[in-house]
>>> print(open('target29.tsv').read())   # TSV, C-alpha atoms
chain	number	residue	atom	x	y	z
A	1	MET	CA	-6.89	-29.85	-10.34
A	2	ILE	CA	-3.48	-28.75	-11.64
A	3	ASP	CA	-1.44	-31.49	-13.21
A	4	ARG	CA	1.94	-32.12	-11.55
A	5	GLN	CA	3.68	-31.72	-14.90
A	6	GLU	CA	2.05	-28.37	-15.42
A	7	LEU	CA	2.97	-27.32	-11.88
A	8	ALA	CA	6.61	-28.33	-12.44
A	9	GLU	CA	6.71	-26.39	-15.70
A	10	GLU	CA	5.15	-23.38	-13.98
A	11	LEU	CA	7.74	-23.48	-11.18
A	12	LEU	CA	10.54	-23.88	-13.73
A	13	LEU	CA	9.14	-20.95	-15.70
A	14	ARG	CA	9.02	-18.77	-12.58
A	15	GLU	CA	12.59	-19.76	-11.65
A	16	ASN	CA	13.87	-18.92	-15.11
A	17	ILE	CA	12.01	-15.62	-15.03
A	18	ARG	CA	13.70	-14.77	-11.70
A	19	LYS	CA	17.07	-15.64	-13.23
A	20	ALA	CA	16.27	-13.53	-16.28
A	21	ILE	CA	15.31	-10.61	-14.06
A	22	GLY	CA	18.57	-11.05	-12.11
A	23	VAL	CA	20.61	-11.04	-15.30
A	24	VAL	CA	18.89	-7.91	-16.58
A	25	SER	CA	19.30	-6.18	-13.23
A	26	ARG	CA	23.00	-7.04	-13.05
A	27	ARG	CA	23.55	-5.75	-16.56
A	28	ARG	CA	21.86	-2.50	-15.64
A	29	ARG	CA	23.97	-2.20	-12.50
A	30	ASP	CA	27.11	-2.99	-14.49
A	31	ARG	CA	26.16	-0.33	-17.02
A	32	ASP	CA	25.57	2.22	-14.28
A	33	THR	CA	28.84	1.23	-12.58
A	34	ALA	CA	30.72	1.61	-15.85
A	35	MET	CA	29.22	5.08	-16.36
A	36	LEU	CA	30.23	6.09	-12.83
A	37	ALA	CA	33.75	4.75	-13.42
A	38	GLU	CA	34.04	6.71	-16.67
A	39	GLU	CA	32.82	9.85	-14.91
A	40	ALA	CA	35.34	9.32	-12.09
A	41	GLU	CA	38.12	8.82	-14.62
A	42	LEU	CA	37.13	12.01	-16.42
A	43	ARG	CA	37.10	13.90	-13.13
A	44	GLY	CA	40.57	12.52	-12.38
A	45	VAL	CA	41.90	13.71	-15.74
A	46	ILE	CA	40.45	17.18	-15.18
A	47	ARG	CA	41.87	17.26	-11.65
A	48	ASP	CA	45.31	16.29	-12.96
A	49	LEU	CA	45.17	19.04	-15.57
A	50	ILE	CA	44.25	21.58	-12.90
A	51	THR	CA	47.07	20.30	-10.64
A	52	GLU	CA	49.60	20.53	-13.49
A	53	GLY	CA	48.51	24.08	-14.16
A	54	GLN	CA	48.90	24.98	-10.50
A	55	SER	CA	52.32	23.29	-10.41
A	56	ALA	CA	53.42	25.29	-13.43
A	57	VAL	CA	52.40	28.50	-11.69
A	58	ALA	CA	54.16	27.41	-8.50
A	59	ALA	CA	57.31	26.52	-10.44
A	60	ALA	CA	57.30	29.99	-11.96
A	61	ALA	CA	57.26	31.59	-8.51
A	62	LYS	CA	60.72	32.71	-7.46
A	63	HIS	CA	62.44	33.23	-4.15
A	64	ASP	CA	63.64	36.46	-2.59
A	65	SER	CA	67.27	35.43	-3.12
A	66	THR	CA	68.91	35.24	-6.54
A	67	GLY	CA	71.28	32.66	-5.10
A	68	ILE	CA	68.38	30.39	-4.11
A	69	ASN	CA	66.80	30.87	-7.55
A	70	ALA	CA	70.06	29.76	-9.14
A	71	LEU	CA	70.21	26.77	-6.80
A	72	GLU	CA	66.65	25.72	-7.65
A	73	ASP	CA	67.48	25.98	-11.35
A	74	LEU	CA	70.50	23.74	-10.76
A	75	LEU	CA	68.52	21.11	-8.84
A	76	ARG	CA	65.54	21.18	-11.19
A	77	ASN	CA	67.12	21.49	-14.63
A	78	SER	CA	70.46	19.68	-14.46
A	79	ASN	CA	71.59	16.08	-14.06
A	80	LEU	CA	72.96	16.76	-10.57
A	81	LEU	CA	70.36	14.86	-8.53
A	82	SER	CA	69.90	12.02	-11.01
A	83	VAL	CA	73.65	11.33	-11.16
A	84	LEU	CA	74.04	11.42	-7.38
A	85	GLU	CA	70.95	9.26	-6.82
A	86	THR	CA	72.18	6.62	-9.26
A	87	GLY	CA	75.64	6.57	-7.71
A	88	TYR	CA	74.38	6.51	-4.13
A	89	LYS	CA	71.83	3.76	-4.69
A	90	SER	CA	74.36	1.59	-6.52
A	91	LEU	CA	76.39	1.16	-3.32
A	92	THR	CA	74.43	-1.62	-1.65
A	93	THR	CA	77.13	-3.87	-0.18
A	94	ALA	CA	77.57	-1.85	3.00
A	95	LEU	CA	76.21	1.31	4.59
A	96	GLN	CA	79.81	2.57	4.98
A	97	GLN	CA	80.08	2.84	1.19
A	98	ARG	CA	77.08	5.16	0.98
A	99	ILE	CA	78.24	7.21	3.97
A	100	SER	CA	81.62	7.61	2.29
A	101	PHE	CA	79.96	8.63	-0.99
A	102	ARG	CA	77.83	11.21	0.82
A	103	ASN	CA	80.74	12.69	2.81
A	104	HIS	CA	83.00	12.93	-0.23
A	105	ILE	CA	80.35	14.67	-2.35
A	106	LEU	CA	79.48	17.22	0.33
A	107	SER	CA	83.16	17.90	0.99
A	108	ALA	CA	83.94	18.19	-2.73
A	109	VAL	CA	81.16	20.73	-3.26
A	110	GLY	CA	82.53	22.97	-0.53
A	111	LEU	CA	86.10	22.62	-1.77
A	112	ALA	CA	85.10	23.35	-5.37
A	113	LEU	CA	83.18	26.52	-4.51
A	114	ALA	CA	85.76	27.92	-2.07
A	115	PRO	CA	88.39	28.96	-4.67
A	116	GLU	CA	85.68	30.37	-6.93
A	117	GLU	CA	84.39	32.50	-4.09
A	118	SER	CA	87.91	33.65	-3.18
A	119	ARG	CA	88.65	34.48	-6.80
A	120	LYS	CA	85.56	36.66	-7.06
A	121	GLU	CA	86.25	38.41	-3.79
A	122	ALA	CA	89.86	39.14	-4.81
A	123	GLY	CA	89.00	40.10	-8.38
A	124	GLU	CA	89.83	38.06	-11.44
A	125	ASP	CA	92.41	40.45	-12.92
A	126	VAL	CA	95.10	42.09	-10.84
A	127	GLU	CA	96.97	44.74	-12.79
A	128	ILE	CA	100.65	45.15	-11.93
A	129	THR	CA	101.54	48.86	-11.91
A	130	GLU	CA	105.00	48.72	-10.30
A	131	ASP	CA	107.75	49.93	-12.65
A	132	VAL	CA	110.84	47.77	-12.76
A	133	GLU	CA	114.01	49.42	-14.03
A	134	ILE	CA	116.17	47.15	-16.15
A	135	ASP	CA	119.73	48.18	-16.98
A	136	ILE	CA	120.92	46.25	-20.01
A	137	THR	CA	124.72	45.74	-20.04
A	138	ASP	CA	127.09	44.08	-22.46
A	139	LYS	CA	127.60	41.15	-20.10
A	140	PRO	CA	124.45	40.39	-18.14
A	141	GLU	CA	126.24	37.63	-16.21
A	142	ASP	CA	128.35	40.32	-14.53
A	143	ASP	CA	125.24	41.68	-12.82
A	144	PRO	CA	125.31	40.64	-9.13
A	145	ASP	CA	121.65	39.69	-9.34
A	146	PHE	CA	122.30	37.28	-12.19
A	147	ILE	CA	121.86	33.62	-11.21
A	148	ASP	CA	124.15	31.39	-13.23
A	149	VAL	CA	122.61	27.94	-13.61
A	150	THR	CA	125.25	26.75	-16.08
A	151	LYS	CA	127.96	26.24	-13.42
A	152	ASP	CA	128.24	22.66	-12.20
A	153	SER	CA	125.14	21.84	-14.21
A	154	GLY	CA	126.43	18.34	-14.80
A	155	ALA	CA	126.48	17.62	-11.07
A	156	ALA	CA	122.89	18.71	-10.59
A	157	ALA	CA	120.54	15.80	-10.76
A	158	GLU	CA	117.08	16.18	-12.20
A	159	VAL	CA	114.36	15.75	-9.59
A	160	GLU	CA	111.22	14.09	-10.88
A	161	GLU	CA	108.01	15.13	-9.24
A	162	PRO	CA	106.03	12.16	-7.98
A	163	GLU	CA	102.80	11.41	-9.79
A	164	VAL	CA	99.75	12.59	-7.91
A	165	ASP	CA	96.87	10.15	-7.46
A	166	GLU	CA	93.80	12.32	-7.98
A	167	LYS	CA	91.54	9.89	-6.14
A	168	GLU	CA	93.86	9.93	-3.12
A	169	GLU	CA	93.84	13.73	-3.12
A	170	PHE	CA	90.05	13.67	-3.44
A	171	GLY	CA	89.69	11.17	-0.62
A	172	ILE	CA	88.94	11.68	3.07
A	173	ASP	CA	91.06	9.72	5.54
A	174	GLY	CA	89.27	6.80	7.11
A	175	GLU	CA	86.40	6.71	4.62
A	176	ASP	CA	85.47	3.69	2.50
A	177	LYS	CA	87.37	3.74	-0.79
A	178	THR	CA	84.60	2.24	-2.90
A	179	GLY	CA	82.32	5.09	-1.92
A	180	ARG	CA	85.19	7.51	-2.49
A	181	ASN	CA	85.87	6.19	-6.00
A	182	ARG	CA	82.22	6.41	-7.06
A	183	ALA	CA	81.93	9.90	-5.57
A	184	PHE	CA	85.09	10.93	-7.46
A	185	THR	CA	83.59	9.78	-10.76
A	186	ASP	CA	80.14	11.23	-10.20
A	187	PHE	CA	81.34	14.58	-8.88
A	188	HIS	CA	83.39	15.15	-12.02
A	189	ASP	CA	80.18	14.58	-14.01
A	190	VAL	CA	78.26	17.30	-12.15
A	191	GLU	CA	80.98	19.75	-11.09
A	192	LYS	CA	80.73	21.82	-14.25
A	193	ASN	CA	77.00	22.38	-13.81
A	194	ILE	CA	77.52	23.51	-10.22
A	195	LEU	CA	80.29	25.94	-11.12
A	196	THR	CA	78.36	27.30	-14.11
A	197	GLN	CA	75.43	28.31	-11.92
A	198	PHE	CA	77.70	29.64	-9.18
A	199	ASP	CA	79.81	31.64	-11.64
A	200	ASP	CA	76.78	33.72	-12.66
A	201	LEU	CA	76.51	35.05	-9.11
A	202	ASP	CA	78.53	38.06	-8.01
A	203	ASN	CA	76.73	39.28	-4.91
A	204	PRO	CA	78.46	37.84	-1.80
A	205	ILE	CA	75.11	37.17	-0.10
A	206	ASP	CA	73.82	35.26	-3.13
A	207	MET	CA	77.04	33.27	-3.30
A	208	ALA	CA	76.87	32.37	0.38
A	209	MET	CA	73.18	31.39	0.14
A	210	PHE	CA	73.85	29.23	-2.92
A	211	GLU	CA	76.70	27.33	-1.26
A	212	GLU	CA	75.01	26.89	2.13
A	213	TYR	CA	71.68	25.67	0.80
A	214	LEU	CA	73.24	23.52	-1.90
A	215	ILE	CA	75.08	21.51	0.75
A	216	LYS	CA	72.00	21.41	2.99
A	217	ASN	CA	69.75	20.23	0.17
A	218	LEU	CA	72.20	17.59	-1.00
A	219	ALA	CA	72.37	16.24	2.56
A	220	LEU	CA	68.55	16.09	2.67
A	221	TYR	CA	68.40	14.35	-0.69
A	222	PHE	CA	70.93	11.77	0.50
A	223	ASP	CA	68.62	11.10	3.47
A	224	LYS	CA	65.74	10.70	1.03
A	225	PHE	CA	67.74	8.27	-1.13
A	226	GLU	CA	68.61	6.21	1.95
A	227	ASN	CA	64.97	6.00	3.02
A	228	GLU	CA	63.93	4.90	-0.46
A	229	LEU	CA	66.74	2.35	-0.60
A	230	ASN	CA	65.74	0.79	2.73
A	231	ALA	CA	61.99	0.85	2.13
A	232	GLU	CA	60.54	-2.63	2.61
A	233	VAL	CA	57.37	-3.49	0.75
A	234	GLU	CA	55.34	-6.07	2.71
A	235	ALA	CA	52.89	-8.40	1.00
A	236	PRO	CA	49.24	-7.91	2.01
A	237	ALA	CA	48.09	-10.24	4.78
A	238	ILE	CA	45.36	-11.62	2.53
A	239	ALA	CA	48.02	-12.93	0.14
A	240	ALA	CA	49.14	-15.49	2.75
A	241	ASP	CA	45.70	-17.15	2.66
A	242	ALA	CA	45.38	-17.16	-1.12
A	243	GLU	CA	44.61	-20.54	-2.69
A	244	PRO	CA	45.61	-21.44	-6.27
A	245	ASN	CA	43.05	-22.17	-8.98
A	246	MET	CA	40.19	-20.60	-7.04
A	247	PRO	CA	37.45	-19.29	-9.36
A	248	SER	CA	36.87	-15.59	-9.15
A	249	ALA	CA	33.55	-13.91	-8.57
A	250	SER	CA	33.58	-12.67	-12.16
A	251	SER	CA	33.99	-16.22	-13.53
A	252	GLU	CA	31.11	-17.49	-11.38
A	253	LEU	CA	28.94	-14.64	-12.57
A	254	GLY	CA	29.89	-15.42	-16.17
A	255	ALA	CA	28.94	-19.10	-15.77
A	256	GLU	CA	25.61	-18.17	-14.22
A	257	GLU	CA	24.84	-15.77	-17.03
A	258	GLU	CA	25.75	-18.39	-19.60
A	259	VAL	CA	23.28	-20.88	-18.10
A	260	ALA	CA	20.60	-18.24	-17.87
A	261	ASN	CA	21.16	-17.20	-21.47
A	262	ILE	CA	20.75	-20.80	-22.68
A	263	GLU	CA	17.48	-21.13	-20.83
A	264	LEU	CA	16.35	-17.75	-22.08
A	265	GLN	CA	16.79	-18.86	-25.66
A	266	GLU	CA	13.91	-21.28	-25.14
A	267	LEU	CA	11.74	-18.78	-23.31
A	268	ILE	CA	12.40	-15.74	-25.45
A	269	LYS	CA	10.03	-16.98	-28.13
A	270	HIS	CA	7.12	-16.82	-25.71
A	271	LEU	CA	8.07	-14.08	-23.27
A	272	ASP	CA	8.38	-10.31	-23.46
A	273	ILE	CA	11.28	-9.75	-21.03
A	274	ASP	CA	10.85	-5.98	-20.81
A	275	ASP	CA	7.17	-6.34	-20.05
A	276	ILE	CA	7.88	-8.93	-17.34
A	277	VAL	CA	10.58	-6.78	-15.79
A	278	GLU	CA	8.33	-3.76	-15.69
A	279	ASN	CA	5.56	-5.74	-14.00
A	280	LEU	CA	7.65	-7.62	-11.48
A	281	LEU	CA	10.27	-5.02	-10.37
>>> encode(input="target29.tsv", output="structure tokens")
Amino acid sequence: MIDRQELAEELLLRENIRKAIGVVSRRRRDRDTAMLAEEAELRGVIRDLITEGQSAVAAAAKHDSTGINALEDLLRNSNLLSVLETGYKSLTTALQQRISFRNHILSAVGLALAPEESRKEAGEDVEITEDVEIDITDKPEDDPDFIDVTKDSGAAAEVEEPEVDEKEEFGIDGEDKTGRNRAFTDFHDVEKNILTQFDDLDNPIDMAMFEEYLIKNLALYFDKFENELNAEVEAPAIAADAEPNMPSASSELGAEEEVANIELQELIKHLDIDDIVENLL
């Protein structure tokens, strides 16, 4: 007949063996999981490298229009979009400020390119070929075409030209002035880059394509900035039920392993864990 003490020790031994087997199995699963995670990470790195290579090839592809190529270079390799995004997103008090900023920038781009286009169409240098005959006399003031500004010069009052407010000239009637002022500042930061790209173009079709699609793309980017500015990030529903100071699954697993390890220290002298695992799994 089996002694109760021996039976209790046998049951305790079996329980500890089951715990030991569980610990070993979890460690194996964790090791396999870690290997799979490392493999997935490596695949991700390789995928990113392939994607970057494809993006580089795509970026090298050009359009059928030189004007569009110049526009893409402007948008991709200048501070145009970053300056406009920063300025637009800084106007958060009222939507009217951002609308004003947008309208002033789009208007300013068209106004800035118009004289450049007219200058190129007319030609930069106009040579004057008309001969003007000048008859030099002893007394030029006797010439009937001579305009004498010395007579009654004391009575003539000097007329001072009023100072021009550049922001007022830049502004659009009825638009918010805060948006106007920020647009005025930011446009002067990017105007040179726009004109530099545009000045390289001479073909009227390229010039027209550059101007048209620049304004269209800026309008689309302003829409994108507005969507990003108004995006609301909602907390996950599970966060509402979260309780503070709740132990995590990893902490529970750690405590269980710690207990099992303490018990194993007593059993390890008498047990061959690998042999037991092989026989019981």
>>> closest_residue(input="target29.tsv", among="A:Ser78, A:Thr93, A:His104, A:Gly87", to="Lys192 of chain A", atoms="all atoms listed in the file")
A:Ser78
>>> closest_residue(input="target29.tsv", among="A:Asp206, A:Leu84, A:Thr92, A:Leu113", to="Phe222 of chain A", atoms="only C-alpha atoms")
A:Leu84
>>> closest_residue(input="target29.tsv", among="A:Glu191, A:Asp173, A:Glu226, A:Asp64", to="Leu111 of chain A", atoms="only C-alpha atoms")
A:Glu191
>>> atom_distance(input="target29.tsv", atom1="atom CA of Glu212 of chain A", atom2="atom CA of Asn230 of chain A")
27.7 Å
>>> atom_distance(input="target29.tsv", atom1="atom CA of Arg180 of chain A", atom2="atom CA of Phe101 of chain A")
5.6 Å
>>> atom_distance(input="target29.tsv", atom1="atom CA of Val164 of chain A", atom2="atom CA of Pro115 of chain A")
20.2 Å
>>> closest_residue(input="target29.tsv", among="A:Tyr88, A:Phe184, A:Tyr213, A:Phe198", to="Leu229 of chain A", atoms="all atoms listed in the file")
A:Tyr88
>>> closest_residue(input="target29.tsv", among="A:Ala112, A:Ala37, A:Leu49, A:Leu81", to="Leu220 of chain A", atoms="all atoms listed in the file")
A:Leu81
>>> closest_residue(input="target29.tsv", among="A:Ser65, A:Thr185, A:Ser90, A:Thr178", to="Glu166 of chain A", atoms="all atoms listed in the file")
A:Thr185
>>> decode(input="target29.tsv", residues="segment 174-185 of chain A", atoms="N, CA and C atoms", output="mmCIF file, in the first residue's frame")
data_model
loop_
_atom_site.group_PDB
_atom_site.id
_atom_site.type_symbol
_atom_site.label_atom_id
_atom_site.label_comp_id
_atom_site.auth_asym_id
_atom_site.auth_seq_id
_atom_site.Cartn_x
_atom_site.Cartn_y
_atom_site.Cartn_z
ATOM 1 N N GLY A 174 -11.731 92.207 -49.566
ATOM 2 C CA GLY A 174 -12.678 91.337 -48.885
ATOM 3 C C GLY A 174 -12.067 90.125 -48.226
ATOM 4 N N GLU A 175 -10.778 89.870 -48.460
ATOM 5 C CA GLU A 175 -10.135 88.697 -47.876
ATOM 6 C C GLU A 175 -9.534 89.031 -46.510
ATOM 7 N N ASP A 176 -9.412 88.016 -45.672
ATOM 8 C CA ASP A 176 -8.849 88.179 -44.337
ATOM 9 C C ASP A 176 -7.414 88.692 -44.423
ATOM 10 N N LYS A 177 -7.096 89.693 -43.609
ATOM 11 C CA LYS A 177 -5.784 90.334 -43.704
ATOM 12 C C LYS A 177 -4.678 89.526 -43.032
ATOM 13 N N THR A 178 -5.019 88.723 -42.035
ATOM 14 C CA THR A 178 -3.991 87.871 -41.439
ATOM 15 C C THR A 178 -3.491 86.851 -42.452
ATOM 16 N N GLY A 179 -4.430 86.232 -43.156
ATOM 17 C CA GLY A 179 -4.035 85.310 -44.217
ATOM 18 C C GLY A 179 -3.276 86.015 -45.321
ATOM 19 N N ARG A 180 -3.706 87.246 -45.644
ATOM 20 C CA ARG A 180 -3.012 88.028 -46.671
ATOM 21 C C ARG A 180 -1.572 88.307 -46.258
ATOM 22 N N ASN A 181 -1.369 88.721 -45.004
ATOM 23 C CA ASN A 181 -0.028 89.088 -44.546
ATOM 24 C C ASN A 181 0.915 87.886 -44.561
ATOM 25 N N ARG A 182 0.415 86.726 -44.115
ATOM 26 C CA ARG A 182 1.268 85.531 -44.130
ATOM 27 C C ARG A 182 1.561 85.096 -45.554
ATOM 28 N N ALA A 183 0.572 85.203 -46.439
ATOM 29 C CA ALA A 183 0.787 84.861 -47.848
ATOM 30 C C ALA A 183 1.812 85.801 -48.481
ATOM 31 N N PHE A 184 1.738 87.088 -48.113
ATOM 32 C CA PHE A 184 2.687 88.080 -48.638
ATOM 33 C C PHE A 184 4.114 87.696 -48.262
ATOM 34 N N THR A 185 4.314 87.329 -46.999
ATOM 35 C CA THR A 185 5.648 86.951 -46.532
ATOM 36 C C THR A 185 6.140 85.672 -47.191
#
